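Enquirer: For reference, the structure I am asking about is given below.
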Amino acid sequence: MELKLFDSERKVMEVLWEADAPVTAKEIAARLSGTVGWNKNTTYTVIKKCVEKGAIERREPNFQCFPLVRKEEAQAAAAAELVEKIFDGSASLLFASLLSGKQLPPEEIQRLRTLIDGLE
């Protein structure tokens, strides 16, 4: 499933992913009011957009929200969009950009090697 989540929608999804259980719209609004400063209407509007995109399922009673997209799926879609939009489809250019000028600890370098070896 290819899904583009805007920053506001990611904030709502993060609440659901962290909870790992159904969360009511009221609970989502309360959490985001404290962390982001949104009012209830803003949160409900963003939840509605997520429902329309197929990222959230809304159930009754109490306007319970269930994530239909895993965090890993959203991350992969965002990464693919970044590679396509900014790096002309070249993952190696993205990789080079991320690593240029950075000192990585040996364990991070080894983890990257393992990931690359797994692709071959």
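Convention: chains lettered A, B, ... in structure tokens order; per-chain residue numbering from 1; ligands numbered from 1 as shown.
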Can you list, as a PyMOL selection string, every protein, DNA or RNA residue that comes within 12 Å of segment 43-51 of chain A when you count only C-alpha atoms, leaving out same-chain residues fewer than 5 positions away?

Expert: chain A and resi 3-16+23-34+36-38+56-59+63-69

Enquirer: With only C-alpha atoms as the counted atoms, please give the residues lying no more than 9 Å from segment 75-82 of chain A, apart from itself and same-chain residues fewer than 5 positions off, as a PyMOL selection string.

Expert: chain A and resi 1-5+70+87-89+91+94

Enquirer: Grab the atom CA of Phe95 of chain A to atom CA of Leu115 of chain A distance for me, in Å with one decimal place.

Expert: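 Atom-to-atom, atom CA of Phe95 of chain A and atom CA of Leu115 of chain A are spaced 12.4 Å apart.
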
Enquirer: Report, in Å to a single decimal, how far apart atom CA of Thr35 of chain A and atom CA of Glu72 of chain A are.

Expert: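 Atom-to-atom, atom CA of Glu72 of chain A to atom CA of Thr35 of chain A, that is 22.7 Å.
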
Enquirer: If you run DSSP over the backbone, which residues in chain A end up strand (DSSP E or B)? Put them as a list of chain:residue names.

Expert: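 Those in chain A that DSSP calls strand (DSSP E or B) are A:Val23, A:Thr24, A:Ile56, A:Glu57, A:Arg58, A:Arg59, A:Gln64, A:Cys65, A:Phe66, A:Pro67.
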
Enquirer: Atom CA of Ala19 of chain A and atom CA of Gly54 of chain A are how many Å apart?

Expert: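 If I compute the distance from atom CA of Ala19 of chain A to atom CA of Gly54 of chain A, I get 18.8 Å.
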